[in-house]
Amino acid sequence: MRLISAYIAGFGRIRDRNITFEPGLNEIMSANGKGKTTLAVFIKAMFYGMEYSPRKSSLTERDHYRPWNAGTFGGNLVFTVERRKYRIERTFGGTAKEDTFALFNEDTGEASTDYSEKIGEELFEVDRESFEKSIFVPQGALETKITSQLNAKMGGLGAVQDDMNRYDQAVEAIDNARKVYTATSKVNPGLIKQVNEQIREEKEKADRIPKLQEAYDTKAHMLLEKRAQLRQMEYRKSTLTDQLAAIARSEKSAGVYQAKTDSLKKQEEVLKGLDDFFANGLPDENDIDDLESRERELSLNRNRRDILREKLPEKDEQECLENLFADRSISEDDIDEWKKESETIRSLRIKGEHVQMSDDERNQLSELREFFRNGTPDDEQIQNTLSDISRCNEISGQMKSLGETHQKHREAAVGIRELHSLEDGISDTVIIGFITLVFFLASTFFFNTGGGGHLKLIMSIGSFVAGVIFAVIFIMQIIHRISLRKQSQSTMEDELVESEKDLSKLKREYDDLHDRIISFIEKYPVSTDDMQQALLLIHRKKDRYDTLSAEERKLTDNTSGMVEELTALQLTLYTSLDPYAKAFGINLYEDAKEDELIKKIEERFDDYQEFEANNQEYQRLVATISSETQGILAALRAYPLKTDITDLAGCLREIRQNMLLYTSTQKQIDELNDELKSLHVDELAQSGKSLQELQEEQKKLDDDISKQKQFIAEDVKELDSRSATLVECEEARETLKDLNARKASYEDKVALCEETKKYLQLARENFLKVYMGPLRDRLNYYMKSLYPDSDDAILTDDFELDMNLSVSVSGKSGGGRTRSSDYLSKGYKDLASFCSRAALIDVLFRREEPMIILDDPFVNFDEEKLADAKRLMQELAEKYQIIYMTCHESRSLR
């Protein structure tokens with residue numbers, strides 16, 4: 001391909017300018033601001049149009065290069081490709097909808113449909129971004145990088161574009177899956193952060209258990225003491241009541257004695273009832289404390305038992321798990337080993353898929369073999385036939401033009417004959433003939449009329465002479481008209497004969513070419529009547545046939561040994577998994593779903609292990625609860641309790657209350673006996689307190705009793721709250737185990753995502769290496785052409801390209817390890833980048849050699865590097881047309 005000329009009607013500051021391009025190196029030198037970059041962008045815009053992005057905040061190319069004077073925004077570009085000359089005409093508006101595009105065959109001047117508005121992508125087979133990363137080098141942008149379309153085009157891998165996109169989607173999906181577990185955002189945290197937070201909260205609760213238990217026991221003991229104090233206050237109140245009654249009956253001193261005696265009897269009756277309750281002996285307070293502690297632990301165990309009962313699966317599920325694993329001894333190591341074997345099988349299958357043609361490709365190859373059953377054409381035959389079609393189209397246009405010319409000549413001849421016929425009827429020759437006749441008649445008239453003398457004779461002679469003159473003129477007009485008619489008809493007939501000969505000659509040539517083209521095309525089963533489309537279809541199928549045939553030969557060489565290894569691994573793994581496959585209804589030998597089966601086995605094995613652990617703990621708690629309950633009930637059966645025996649806590653409270661009541665009653669009886677022994681009826685009225693003092697003491701005692709009851713109610717409420725909190729913390733301790741197991745599961749899944757991503761990246765790297773080799777070879781070629789021996793600063797053999805076309809150095813130049821080009825000087829880095837550009841162009845454009853557009857890229861080069869670049873440019877100019885623009889003579893390449 002080669003650019004011929006450009007006309008810029010209006011683009012940036014350039015207006016109404018014609019530019020001509022020559023083969024090889026075209027150097028354009030002008031000062032800054034004179035339109036070099038504008039010209040480069042104009043050439044790109046002719047092929048790719050102008051970008052339009054209304055949401056872009058920065059200045060777009062469309063806005064930047066819009067003419068300042070509101071004139072025509074656009075121009076045309078003439079170029080050759082595949083022996084044809086075309087002219088692109090584009091104008092640009094405010095948006096892409098306002099742009100216009102037209103393509104013309106420059107040789108015929110007719111509109112061409114060979115390429116569409118996306119001519120750049122159709123010609124160069126790359127999009128705008130890839131064009132800028134290959135043959136279009138903007139100012140200060142020598143470095144390039146890989147794009148998805150460059151990836152596809154370099155290896156002839158256009159069909160792989162979707163696979164590369166799916167790889168990016170797969171990596172993104174893995175990253176998103178990993179973020180579900182590892183995200184640290186406060187707004188949307190990952191599962192690991194959430195479970196860590198839950199573990200922290202539950203651990204805080206579990207750590208509080210010892211202090212909560214100690215506080216609970218302390219508060220319970222305090223409550224018992226306050227209740228004992230309340231009973232003492234109530235007893236004191238009853239004593240005061242008796243004293244007040246005794247004082248009221250002070251005149252009857254014997255009544256005091258009688259009151260105490262009555263009180264003594266009452267207390268003895270109470271004690272007698274308590275003696276029946278404690279028939280087997282009064283318990284020790286430590287024994288009661290121990291029973292209450294055992295009852296609280298029993299209550300916690302019941303809560304744990306109920307929680308575990310909820311976690312246990314249904315009976316059918318339990319039977320299913322036991323059938324799967326109870327009679328088969330497997331471990332997590334066995335499952336890990338199965339995973340490794342499955343991974344190896346999957347890897348072998350993936351390798352097998354890569355070294356085998358797809359069904360679609362095999363079908364294509366079979367169809368193409370049938371298509372070319374009469375023989376495969378070579379490129380020369382296709383090119384010659386394409387030239388014949390082009391010549392046919394050219395002849396067809398010429399025949400159409402000659403046919404129109406011939407028709408015009410024929411119509412002109414008919415028109416001339418009609419014109420002559422019309423002139424014969426109304427021309428001035430007829431008028432002159434008529435005048436001649438009039439003069440002869442007048443002469444005869446004057447001559448035959450008698451009289452008049454000489455005047456009539458003169459009139460007669462004059463009319464006769466005039467008639468003779470007009471007769472001569474009439475005869476000359478007739479002779480001249482006949483001569484002109486013959487001459488015109490002769491010329492027109494000659495032109496008609498000549499055009500018929502040319503038309504006949506072109507038709508014979510057209511028929512010969514048409515027959516030859518049809519003879520070639522009829523060898524192949526194409527359905528279109530358009531010869532050019534049929535030939536292009538044959539050409540595409542031939543290219544595809546050659547590619548698939550080569551791929552088939554290559555893949556056949558790479559499949560040895562892989563099937564045997566895969567079969568052996570499958571047999572070993574499927575033998576181990578067969579019992580489980582039957583249980584899950586999976587046919588491994590037909591479906592090959594070992595990954596799915598292993599995943600199910602692992603999930604169910606985890607369920608089984610959890611069920612086993614929970615079931616063992618549940619059975620232990622059931623046995624402990626039963627044993628502890630029987631022990632407490634055995635102790636409670638020694639007392640005639642009023643409280644329901646199933647309410648162990650209530651029974652223990654009843655025993656403790658009766659024990660406290662027994663102690664206080666016994667004490668009161670002893671005190672009353674002592675008082676009665678020392679009491680003398682005569683002294684009773686004189687030895688007591690005054691009525692007012694006793695009433696004030698009674699009032700104070702009532703207040704103390706009310707407050708004590710309030711304190712007891714608050715303590716009971718607080719004790720219930722602490723009991724609930726203690727139960728909650730005990731549950732948290734059990735929940736903590738589940739959370740830790742869940743966290744470990746999440747971390748395993750994160751590790752699996754990271755391993756999967758690593759293997760995907762490795763597979764992509766190995767895949768892309770297949771077609772990065774030619775690119776690296778061309779880079780090495782260009783670097784060695786600049787430094788044929790070696791350079792003290794750097795060795796050309798140390799240069800390397802990564803998958804993104806970034807240049808790096810290794811070996812001696814890299815200090816013993818691989819380093820990016822950032823470690824090089826700016827000049828070396830730009831020169832290496834330019835060599836990678838040249839290598840990329842060689843690999844990309846093998847069929848049609850494009851032009852290269854350079855907008856002053858060597859601004860960072862010193863004299864030595866510029867001399868190197870000049871040598872490289874001269875070599876490239878022998879193969880490519882180069883448009884090189886610079887603003888300074890020091891960077892001239894001439």
# chains A, B, ... in the order shown; residues from 1 in each chain; ligands from 1

$ residues_around --residues "Glu509 (chain A)" --least-positions-apart "3" --cutoff "12 Å" --atoms "only C-alpha atoms" --output "ChimeraX atom specification"
/A:388,391-396,398-399,502-506,512-516

$ residues_around --residues "region 728-738 of chain A" --least-positions-apart "4" --cutoff "10 Å" --atoms "only C-alpha atoms" --output "ChimeraX atom specification"
/A:195,198-209,212,300-301,303-304,307-308,610,722-724,742-744

$ residues_around --residues "region 322-327 of chain A" --least-positions-apart "5" --cutoff "10 Å" --atoms "only C-alpha atoms" --output "PDB file with N, CA and C atoms, in the first residue's frame"
ATOM      1  N   ASP A 316     -33.707 -39.027  57.679  1.00  0.00           N
ATOM      2  CA  ASP A 316     -33.362 -39.503  56.331  1.00  0.00           C
ATOM      3  C   ASP A 316     -31.976 -39.040  55.946  1.00  0.00           C
ATOM      4  N   GLU A 317     -31.661 -37.786  56.287  1.00  0.00           N
ATOM      5  CA  GLU A 317     -30.344 -37.241  55.960  1.00  0.00           C
ATOM      6  C   GLU A 317     -29.245 -37.978  56.743  1.00  0.00           C
ATOM      7  N   PRO A 579     -18.310 -46.237  43.883  1.00  0.00           N
ATOM      8  CA  PRO A 579     -19.415 -46.424  44.856  1.00  0.00           C
ATOM      9  C   PRO A 579     -20.178 -45.124  45.116  1.00  0.00           C
ATOM     10  N   TYR A 580     -19.460 -44.014  45.165  1.00  0.00           N
ATOM     11  CA  TYR A 580     -20.126 -42.729  45.412  1.00  0.00           C
ATOM     12  C   TYR A 580     -20.878 -42.253  44.177  1.00  0.00           C
ATOM     13  N   ALA A 583     -24.184 -43.779  44.198  1.00  0.00           N
ATOM     14  CA  ALA A 583     -25.061 -43.174  45.215  1.00  0.00           C
ATOM     15  C   ALA A 583     -25.620 -41.841  44.744  1.00  0.00           C
ATOM     16  N   PHE A 584     -24.832 -41.074  43.997  1.00  0.00           N
ATOM     17  CA  PHE A 584     -25.286 -39.766  43.507  1.00  0.00           C
ATOM     18  C   PHE A 584     -25.900 -39.825  42.111  1.00  0.00           C
ATOM     19  N   ILE A 601     -18.939 -35.178  47.143  1.00  0.00           N
ATOM     20  CA  ILE A 601     -18.412 -36.050  48.206  1.00  0.00           C
ATOM     21  C   ILE A 601     -17.815 -35.206  49.320  1.00  0.00           C
ATOM     22  N   ARG A 604     -20.580 -33.525  51.306  1.00  0.00           N
ATOM     23  CA  ARG A 604     -21.300 -34.473  52.137  1.00  0.00           C
ATOM     24  C   ARG A 604     -20.391 -35.026  53.252  1.00  0.00           C
ATOM     25  N   PHE A 605     -19.076 -35.175  52.952  1.00  0.00           N
ATOM     26  CA  PHE A 605     -18.138 -35.633  53.981  1.00  0.00           C
ATOM     27  C   PHE A 605     -18.013 -34.597  55.091  1.00  0.00           C
ATOM     28  N   TYR A 608     -20.993 -34.971  57.055  1.00  0.00           N
ATOM     29  CA  TYR A 608     -20.906 -36.187  57.876  1.00  0.00           C
ATOM     30  C   TYR A 608     -20.027 -35.944  59.097  1.00  0.00           C
ATOM     31  N   GLN A 609     -18.863 -35.299  58.904  1.00  0.00           N
ATOM     32  CA  GLN A 609     -17.973 -35.028  60.032  1.00  0.00           C
ATOM     33  C   GLN A 609     -18.656 -34.113  61.051  1.00  0.00           C
ATOM     34  N   PHE A 611     -21.889 -33.815  61.454  1.00  0.00           N
ATOM     35  CA  PHE A 611     -22.938 -34.614  62.081  1.00  0.00           C
ATOM     36  C   PHE A 611     -22.360 -35.541  63.161  1.00  0.00           C
ATOM     37  N   GLU A 612     -21.210 -36.198  62.859  1.00  0.00           N
ATOM     38  CA  GLU A 612     -20.586 -37.099  63.815  1.00  0.00           C
ATOM     39  C   GLU A 612     -20.184 -36.356  65.092  1.00  0.00           C
TER      40      GLU A 612
END

$ residues_around --residues "Gly462 (chain A)" --least-positions-apart "5" --cutoff "10 Å" --atoms "only C-alpha atoms" --output "PyMOL selection string"
chain A and resi 439-440+442-443+456-457+467-468

$ closest_residue --among "A:Leu365, A:Ile28, A:Leu298, A:Ile19" --to "Leu548 (chain A)" --atoms "only C-alpha atoms"
A:Leu365

$ atom_distance --atom1 "CA of Met29 (chain A)" --atom2 "CA of Met885 (chain A)"
5.8 Å

$ atom_distance --atom1 "CA of Pro210 (chain A)" --atom2 "CA of Asp647 (chain A)"
25.9 Å

$ atom_distance --atom1 "CA of Leu831 (chain A)" --atom2 "CA of Asp855 (chain A)"
15.0 Å

$ residues_around --residues "Asn176 (chain A)" --least-positions-apart "4" --cutoff "12 Å" --atoms "only C-alpha atoms" --output "NGL selection string"
:A and (169-172 or 180-183 or 190 or 750 or 753-754 or 757)

$ residues_around --residues "region 616-632 of chain A" --least-positions-apart "2" --cutoff "8 Å" --atoms "only C-alpha atoms" --output "VMD selection string"
chain A and resid 291 294 to 295 298 301 to 302 304 to 305 308 to 309 612 to 614 634 to 636 648

$ closest_residue --among "A:Ile14, A:Leu348, A:Val859, A:Ala40" --to "Glu132 (chain A)" --atoms "only C-alpha atoms"
A:Ala40

$ closest_residue --among "A:Ala832, A:Leu739, A:Val430, A:Leu701" --to "Arg236 (chain A)" --atoms "only C-alpha atoms"
A:Leu701

$ select_by_dssp --residues "region 24-114 of chain A" --states "helix (DSSP H, G or I)" --output "MDAnalysis selection string"
chainID A and resid 36:48 61:64 96:98

$ closest_residue --among "A:Thr567, A:Gly585, A:Leu244, A:Asp63" --to "Glu696 (chain A)" --atoms "only C-alpha atoms"
A:Leu244

$ select_by_dssp --residues "region 16-252 of chain A" --states "strand (DSSP E or B)" --output "number ranges by chain"
A: 16-20, 25-29, 74-81, 84-91, 100-105, 111, 136-137

$ write_last_selection --atoms "N, CA and C atoms" --output "compact mmCIF listing (two decimals), in the first residue's frame"
# COMPACT_ATOMS: atom_id res chain seq x y z
N ASP A 16 -6.96 24.43 2.39
CA ASP A 16 -6.77 24.42 0.94
C ASP A 16 -5.32 24.13 0.57
N ARG A 17 -4.81 22.95 0.98
CA ARG A 17 -3.43 22.58 0.69
C ARG A 17 -3.39 21.21 0.03
N ASN A 18 -2.58 21.11 -1.03
CA ASN A 18 -2.32 19.84 -1.72
C ASN A 18 -0.96 19.30 -1.29
N ILE A 19 -0.88 18.01 -1.02
CA ILE A 19 0.37 17.38 -0.59
C ILE A 19 0.56 16.12 -1.42
N THR A 20 1.79 15.93 -1.92
CA THR A 20 2.12 14.75 -2.74
C THR A 20 3.12 13.88 -1.98
N LEU A 25 11.04 7.01 1.66
CA LEU A 25 11.07 7.98 2.75
C LEU A 25 10.57 9.34 2.28
N ASN A 26 9.55 9.88 2.93
CA ASN A 26 9.04 11.23 2.69
C ASN A 26 9.30 12.04 3.95
N GLU A 27 10.24 12.98 3.87
CA GLU A 27 10.56 13.79 5.04
C GLU A 27 9.91 15.15 4.91
N ILE A 28 9.14 15.52 5.94
CA ILE A 28 8.46 16.83 5.97
C ILE A 28 9.06 17.60 7.14
N MET A 29 9.79 18.67 6.81
CA MET A 29 10.45 19.47 7.84
C MET A 29 9.81 20.85 7.85
N GLY A 74 -12.48 18.81 6.51
CA GLY A 74 -12.20 17.53 5.90
C GLY A 74 -11.30 17.67 4.69
N GLY A 75 -11.39 16.71 3.75
CA GLY A 75 -10.57 16.71 2.56
C GLY A 75 -10.60 15.34 1.91
N ASN A 76 -9.55 15.02 1.11
CA ASN A 76 -9.49 13.71 0.48
C ASN A 76 -8.07 13.18 0.52
N LEU A 77 -7.95 11.86 0.31
CA LEU A 77 -6.66 11.18 0.35
C LEU A 77 -6.66 10.13 -0.76
N VAL A 78 -5.61 10.17 -1.63
CA VAL A 78 -5.47 9.22 -2.74
C VAL A 78 -4.39 8.21 -2.37
N PHE A 79 -4.68 6.91 -2.58
CA PHE A 79 -3.72 5.87 -2.24
C PHE A 79 -3.93 4.69 -3.17
N THR A 80 -2.94 3.81 -3.21
CA THR A 80 -3.03 2.58 -4.02
C THR A 80 -2.99 1.39 -3.08
N VAL A 81 -3.72 0.36 -3.47
CA VAL A 81 -3.71 -0.89 -2.74
C VAL A 81 -4.13 -2.00 -3.69
N ARG A 84 -4.78 -1.09 -7.34
CA ARG A 84 -5.89 -0.18 -7.61
C ARG A 84 -5.64 1.13 -6.90
N LYS A 85 -6.18 2.16 -7.52
CA LYS A 85 -6.01 3.49 -6.96
C LYS A 85 -7.38 3.99 -6.49
N TYR A 86 -7.41 4.45 -5.22
CA TYR A 86 -8.66 4.90 -4.61
C TYR A 86 -8.51 6.33 -4.09
N ARG A 87 -9.66 6.96 -3.89
CA ARG A 87 -9.68 8.30 -3.29
C ARG A 87 -10.75 8.31 -2.19
N ILE A 88 -10.30 8.60 -0.97
CA ILE A 88 -11.24 8.75 0.15
C ILE A 88 -11.61 10.23 0.28
N GLU A 89 -12.89 10.51 0.41
CA GLU A 89 -13.34 11.87 0.69
C GLU A 89 -14.17 11.84 1.96
N ARG A 90 -13.79 12.64 2.92
CA ARG A 90 -14.51 12.73 4.20
C ARG A 90 -14.71 14.18 4.59
N THR A 91 -15.85 14.47 5.19
CA THR A 91 -16.08 15.75 5.88
C THR A 91 -16.58 15.41 7.27
N THR A 100 -19.51 12.72 6.68
CA THR A 100 -19.78 12.11 5.37
C THR A 100 -18.57 11.32 4.94
N PHE A 101 -18.81 10.28 4.14
CA PHE A 101 -17.73 9.43 3.64
C PHE A 101 -18.07 9.00 2.23
N ALA A 102 -17.05 9.01 1.35
CA ALA A 102 -17.20 8.52 -0.01
C ALA A 102 -15.88 7.93 -0.47
N LEU A 103 -15.98 6.85 -1.26
CA LEU A 103 -14.79 6.18 -1.80
C LEU A 103 -14.95 6.08 -3.31
N PHE A 104 -13.90 6.49 -4.04
CA PHE A 104 -13.95 6.50 -5.50
C PHE A 104 -12.78 5.70 -6.07
N ASN A 105 -13.03 5.08 -7.23
CA ASN A 105 -11.96 4.48 -8.02
C ASN A 105 -11.30 5.62 -8.79
N ALA A 111 -17.80 5.86 -8.14
CA ALA A 111 -17.87 5.49 -6.73
C ALA A 111 -17.55 4.00 -6.57
N PHE A 136 1.16 4.08 13.16
CA PHE A 136 0.98 5.50 13.41
C PHE A 136 1.69 5.84 14.72
N VAL A 137 2.74 6.66 14.63
CA VAL A 137 3.56 6.96 15.80
C VAL A 137 3.41 8.45 16.13

$ decode --residues "region 180-243 of chain A" --atoms "C-alpha atoms" --output "short mmCIF file (atom, residue, chain, number, x, y, z; two decimals), in the first residue's frame"
data_model
loop_
_atom_site.label_atom_id
_atom_site.label_comp_id
_atom_site.auth_asym_id
_atom_site.auth_seq_id
_atom_site.Cartn_x
_atom_site.Cartn_y
_atom_site.Cartn_z
CA VAL A 180 -16.56 -11.70 48.16
CA TYR A 181 -14.34 -13.28 50.84
CA THR A 182 -11.41 -10.83 51.16
CA ALA A 183 -12.98 -7.36 50.72
CA THR A 184 -12.05 -5.01 53.59
CA SER A 185 -14.49 -2.21 52.80
CA LYS A 186 -16.46 -0.84 55.73
CA VAL A 187 -19.55 -0.40 53.56
CA ASN A 188 -19.48 -3.84 51.90
CA PRO A 189 -17.00 -6.08 53.79
CA GLY A 190 -16.01 -9.55 52.61
CA LEU A 191 -17.13 -12.78 54.24
CA ILE A 192 -13.77 -13.29 55.99
CA LYS A 193 -13.91 -9.84 57.55
CA GLN A 194 -17.52 -10.45 58.56
CA VAL A 195 -16.72 -13.81 60.14
CA ASN A 196 -13.66 -12.32 61.88
CA GLU A 197 -15.90 -9.66 63.35
CA GLN A 198 -18.37 -12.34 64.47
CA ILE A 199 -15.52 -14.42 65.94
CA ARG A 200 -14.27 -11.36 67.84
CA GLU A 201 -17.76 -10.67 69.20
CA GLU A 202 -18.42 -14.29 70.15
CA LYS A 203 -14.96 -14.65 71.74
CA GLU A 204 -15.57 -11.58 73.84
CA LYS A 205 -18.78 -13.20 75.05
CA ALA A 206 -17.09 -16.56 75.73
CA ASP A 207 -14.25 -14.88 77.62
CA ARG A 208 -16.79 -13.31 79.98
CA ILE A 209 -18.07 -16.69 81.25
CA PRO A 210 -15.73 -17.08 84.30
CA LYS A 211 -16.40 -13.55 85.57
CA LEU A 212 -20.13 -13.83 84.85
CA GLN A 213 -20.29 -17.17 86.73
CA GLU A 214 -18.43 -15.70 89.71
CA ALA A 215 -20.68 -12.61 89.72
CA TYR A 216 -23.77 -14.85 89.44
CA ASP A 217 -22.71 -16.96 92.43
CA THR A 218 -21.84 -13.87 94.49
CA LYS A 219 -25.20 -12.24 93.72
CA ALA A 220 -27.08 -15.47 94.54
CA HIS A 221 -25.31 -15.71 97.91
CA MET A 222 -26.10 -12.05 98.63
CA LEU A 223 -29.73 -12.71 97.77
CA LEU A 224 -29.90 -15.58 100.23
CA GLU A 225 -28.41 -13.36 102.96
CA LYS A 226 -30.91 -10.56 102.23
CA ARG A 227 -33.79 -13.01 102.43
CA ALA A 228 -32.48 -14.25 105.80
CA GLN A 229 -32.23 -10.64 106.98
CA LEU A 230 -35.81 -10.06 105.80
CA ARG A 231 -37.05 -13.01 107.82
CA GLN A 232 -35.24 -11.68 110.87
CA MET A 233 -36.85 -8.26 110.35
CA GLU A 234 -40.26 -9.87 110.01
CA TYR A 235 -39.62 -11.84 113.16
CA ARG A 236 -38.55 -8.68 114.94
CA LYS A 237 -41.69 -6.99 113.71
CA SER A 238 -43.86 -9.75 115.12
CA THR A 239 -41.94 -9.45 118.42
CA LEU A 240 -42.60 -5.69 118.55
CA THR A 241 -46.23 -6.32 117.82
CA ASP A 242 -46.34 -8.65 120.76
CA GLN A 243 -44.53 -6.16 122.95
#
